[in-house]
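What follows is a set of notes on a single structure, which appears directly below.
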Amino acid sequence: MKLSQGVEWAMHCCVLLVQAPPGTAVRRTTLAGYYGLPDAYLAKHLKSLAAAGVLLATSGPRGGFRLARDPKEITVLDVVEAVEGAAPAFVCTEIRQRGACAMPAELCDGPCGVARVMDDADRAWRASLRTVTVADLSERLPPGLQERGRAWLEDPTAALPPFA
């Protein structure tokens with residue numbers, strides 16, 4: 001399975017937003033600047049996160065993005081599905097019913113072995129992503145990175161503190 005780079009960008013932005021003071025909206029350009037991302041492309045992913053209820057977007061001079069819920073309630077799966085959608089990665093097209101050796105439809109009364117294995121893998125993958133939250137990822141940041149994030153969000157033009 002291959003996920004778009006938008007998933008990586010969205011996850012990192014959500015983890016950075018954990019460092020923002022409660023209720024503070026962070027401008028898109030501030031998020032893009034922290035990671036050196038193209039602002040216009042990041043905008044698409046932030047919009048998807050807002051549409052999915054992961055982020056709240058506000059407009060105006062003090063507008064921007066903030067987490068829509070407590071970071072302990074936002075799972076990695078929430079972010080992945082906001083960017084990639086919730087559809088399973090594998091879609092069975094019943095090729096066993098086509099071609100020179102096609103099986104009759106009446107013999108195909110359930111999913112084939114391939115579809116079952118792929119469905120099991122999809123469920124396991126999603127279950128795993130559901131157990132990790134944005135708060136968990138924030139807590140796993142290397143020493144000093146939370147402080148650097150807070151400093152950047154406070155003033156993107158100021159010098160960042162050194163790593164601890």
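Letters A, B, ... go to the chains of the structure tokens in the order shown; residues in each chain start at 1; ligands are counted from 1 in the same order.
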Return as CSV the residues of region 26-45 of chain A lying at most 10 Å from region 53-67 of chain A, together with the closest atom-to-atom pair for each and the distance in Å to one decimal, counting only C-alpha atoms, with rows in chain order and ascending residue number.
```
residue,atom,partner,partner_atom,distance
A:Val26,CA,A:Gly64,CA,4.7
A:Arg27,CA,A:Gly64,CA,4.2
A:Arg28,CA,A:Gly64,CA,6.2
A:Thr29,CA,A:Gly64,CA,9.1
A:Thr30,CA,A:Gly64,CA,9.3
A:Leu31,CA,A:Phe65,CA,9.2
```
Item to complete: For region 42-46 of chain A, work out the shell of residues within 7 Å, counting only C-alpha atoms and skipping chain neighbours fewer than 5 positions away, then give it as an MDAnalysis selection string.
Response: chainID A and resid 6 10 28 32 37 83
Practice prompt. If you run DSSP over the backbone, which residues in chain A end up strand (DSSP E or B)? Put them as a VMD selection string.
Written response: chain A and resid 26 55 to 58 64 to 67 75 133
Please save C-alpha atoms of the selected residues as a compact mmCIF listing (two decimals), in the first residue's frame.
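Result file selection_15.txt:
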```txt
# COMPACT_ATOMS: atom_id res chain seq x y z
CA VAL A 26 -2.44 28.88 13.17
CA LEU A 55 -9.32 20.63 12.10
CA LEU A 56 -11.38 23.77 12.56
CA ALA A 57 -10.77 26.49 10.01
CA THR A 58 -11.46 30.15 10.71
CA GLY A 64 -6.15 29.78 10.49
CA PHE A 65 -6.38 26.19 11.66
CA ARG A 66 -6.60 24.45 15.01
CA LEU A 67 -7.42 20.94 16.13
CA THR A 75 -6.38 9.06 15.70
CA THR A 133 -3.48 9.41 18.53
```
Discussion item. I'd like to know which of A:Ala151, A:Leu145, A:Leu160, A:Leu77 is closest to Pro21 (chain A), using only C-alpha atoms.
Written reply: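 Among the listed residues, A:Ala151 lies closest to Pro21 (chain A).
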Worksheet item: Taking into account only C-alpha atoms, which residue in the set A:Ala89, A:Cys13, A:Lys72, A:Tyr41 is nearest to Trp125 (chain A)?
Response: A:Ala89
Discussion item. Quick check, in Å to one decimal: how far apart do CA of Glu139 (chain A) and CA of Gln19 (chain A) lie?
Written reply: 10.5 Å
Worksheet item: CA of Ile74 (chain A) to CA of Thr157 (chain A): how many Å, to one decimal?
Response: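 Distance between the two atoms: 29.4 Å.
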Practice prompt. Identify all residues of region 15-108 of chain A in helix (DSSP H, G or I) (DSSP on the backbone) and supply them as a PyMOL selection string.
Written response: chain A and resi 15-18+28-35+39-51+71-73+76-84+95-97+105-107
Practice prompt. Write out as a list in words the residues lying within 12 Å of Met1 (chain A), counting only C-alpha atoms and excluding same-chain residues fewer than 6 positions away.
Written response: Glu84, Pro88, Ala89, Phe90, Met118, Ala121, Asp122 and Trp125 of chain A
Selection file, N, CA and C atoms, as a PDB file, in the first residue's frame:
```
ATOM      1  N   GLU A  84      -6.909  10.529   2.437  1.00  0.00           N
ATOM      2  CA  GLU A  84      -6.991   9.479   1.414  1.00  0.00           C
ATOM      3  C   GLU A  84      -8.400   8.947   1.166  1.00  0.00           C
ATOM      4  N   PRO A  88     -11.554   1.023   1.120  1.00  0.00           N
ATOM      5  CA  PRO A  88     -10.469   0.041   1.289  1.00  0.00           C
ATOM      6  C   PRO A  88      -9.450   0.156   0.152  1.00  0.00           C
ATOM      7  N   ALA A  89      -8.224  -0.224   0.456  1.00  0.00           N
ATOM      8  CA  ALA A  89      -7.148  -0.140  -0.541  1.00  0.00           C
ATOM      9  C   ALA A  89      -7.342  -1.161  -1.662  1.00  0.00           C
ATOM     10  N   PHE A  90      -7.943  -2.292  -1.346  1.00  0.00           N
ATOM     11  CA  PHE A  90      -8.133  -3.358  -2.328  1.00  0.00           C
ATOM     12  C   PHE A  90      -9.614  -3.447  -2.696  1.00  0.00           C
ATOM     13  N   MET A 118      -7.026  -9.809   1.774  1.00  0.00           N
ATOM     14  CA  MET A 118      -6.850  -8.360   1.642  1.00  0.00           C
ATOM     15  C   MET A 118      -7.777  -7.599   2.588  1.00  0.00           C
ATOM     16  N   ALA A 121      -6.295  -7.852   6.069  1.00  0.00           N
ATOM     17  CA  ALA A 121      -5.140  -6.955   6.191  1.00  0.00           C
ATOM     18  C   ALA A 121      -5.607  -5.501   6.344  1.00  0.00           C
ATOM     19  N   ASP A 122      -6.619  -5.103   5.586  1.00  0.00           N
ATOM     20  CA  ASP A 122      -7.130  -3.743   5.673  1.00  0.00           C
ATOM     21  C   ASP A 122      -7.703  -3.478   7.065  1.00  0.00           C
ATOM     22  N   TRP A 125      -4.773  -3.183   9.567  1.00  0.00           N
ATOM     23  CA  TRP A 125      -4.054  -1.924   9.372  1.00  0.00           C
ATOM     24  C   TRP A 125      -4.841  -0.769   9.980  1.00  0.00           C
TER      25      TRP A 125
END
```
Discussion item. Between A:Leu153, A:Leu3, A:Ala87, A:Ala102, which residue has the minimum interatomic distance to Arg123 (chain A), considering only C-alpha atoms?
Written reply: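 Smallest distance to Arg123 (chain A) is found for A:Ala87.
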Worksheet item: From the list A:Val7, A:Leu17, A:Leu107, A:Ala25, which residue is nearest Ser138 (chain A) when using only C-alpha atoms?
Response: A:Leu17
Discussion item. When you look at Val91 (chain A) with a cut-off of 12 Å (counting only C-alpha atoms), what residues show up, excluding the ones that are within fewer than 4 positions of it in the same chain? I need them as JSON, numbers by chain.
Written reply: {"A": [87, 95, 111, 112, 114, 115, 116, 117, 118, 119, 122]}
Put those residues in a file: N, CA, C and O atoms, as a compact mmCIF listing (two decimals), in the first residue's frame.
```txt
# COMPACT_ATOMS: atom_id res chain seq x y z
N ALA A 87 -12.23 4.49 1.75
CA ALA A 87 -12.42 3.29 0.93
C ALA A 87 -11.27 2.31 1.17
O ALA A 87 -10.13 2.72 1.39
N ILE A 95 -12.54 -11.32 -10.80
CA ILE A 95 -11.97 -11.84 -12.06
C ILE A 95 -12.09 -13.34 -12.16
O ILE A 95 -12.00 -13.90 -13.25
N PRO A 111 -16.74 -14.09 -0.80
CA PRO A 111 -15.48 -13.54 -1.29
C PRO A 111 -14.45 -14.65 -1.52
O PRO A 111 -14.42 -15.65 -0.80
N CYS A 112 -13.62 -14.47 -2.51
CA CYS A 112 -12.55 -15.43 -2.78
C CYS A 112 -11.46 -15.29 -1.72
O CYS A 112 -11.46 -14.35 -0.92
N VAL A 114 -8.37 -14.41 -2.02
CA VAL A 114 -7.60 -13.18 -2.18
C VAL A 114 -8.33 -12.02 -1.51
O VAL A 114 -7.73 -11.26 -0.74
N ALA A 115 -9.60 -11.89 -1.78
CA ALA A 115 -10.38 -10.79 -1.20
C ALA A 115 -10.42 -10.90 0.32
O ALA A 115 -10.30 -9.90 1.03
N ARG A 116 -10.57 -12.12 0.84
CA ARG A 116 -10.61 -12.30 2.30
C ARG A 116 -9.29 -11.89 2.96
O ARG A 116 -9.29 -11.20 3.97
N VAL A 117 -8.18 -12.30 2.37
CA VAL A 117 -6.87 -11.93 2.92
C VAL A 117 -6.68 -10.42 2.89
O VAL A 117 -6.21 -9.81 3.86
N MET A 118 -7.03 -9.81 1.77
CA MET A 118 -6.85 -8.36 1.64
C MET A 118 -7.78 -7.60 2.59
O MET A 118 -7.37 -6.60 3.18
N ASP A 119 -9.00 -8.08 2.76
CA ASP A 119 -9.93 -7.44 3.70
C ASP A 119 -9.42 -7.57 5.14
O ASP A 119 -9.51 -6.62 5.93
N ASP A 122 -6.62 -5.10 5.59
CA ASP A 122 -7.13 -3.74 5.67
C ASP A 122 -7.70 -3.48 7.07
O ASP A 122 -7.44 -2.43 7.66
```
Applying 8 Å and only C-alpha atoms, which residues near Arg148 (chain A) remain after dropping the ones on its own chain fewer than 2 positions away? List them as an mmCIF file with C-alpha atoms, in the first residue's frame.
```cif
data_model
loop_
_atom_site.group_PDB
_atom_site.id
_atom_site.type_symbol
_atom_site.label_atom_id
_atom_site.label_comp_id
_atom_site.auth_asym_id
_atom_site.auth_seq_id
_atom_site.Cartn_x
_atom_site.Cartn_y
_atom_site.Cartn_z
ATOM 1 C CA GLY A 144 13.349 19.920 22.356
ATOM 2 C CA LEU A 145 11.084 19.587 19.335
ATOM 3 C CA GLN A 146 7.891 20.484 21.198
ATOM 4 C CA ARG A 150 5.722 26.257 20.314
ATOM 5 C CA ALA A 151 8.305 28.955 19.594
ATOM 6 C CA TRP A 152 7.629 28.801 15.840
ATOM 7 C CA LEU A 160 14.263 28.902 17.161
ATOM 8 C CA PRO A 161 15.611 27.533 20.430
ATOM 9 C CA PRO A 162 18.395 24.952 20.054
ATOM 10 C CA PHE A 163 17.634 21.279 20.411
#
```
Item to complete: Calculate how many Å separate CA of Ala20 (chain A) from CA of Asp136 (chain A), rounding to one decimal.
Response: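 Interatomic distance here is 15.7 Å.
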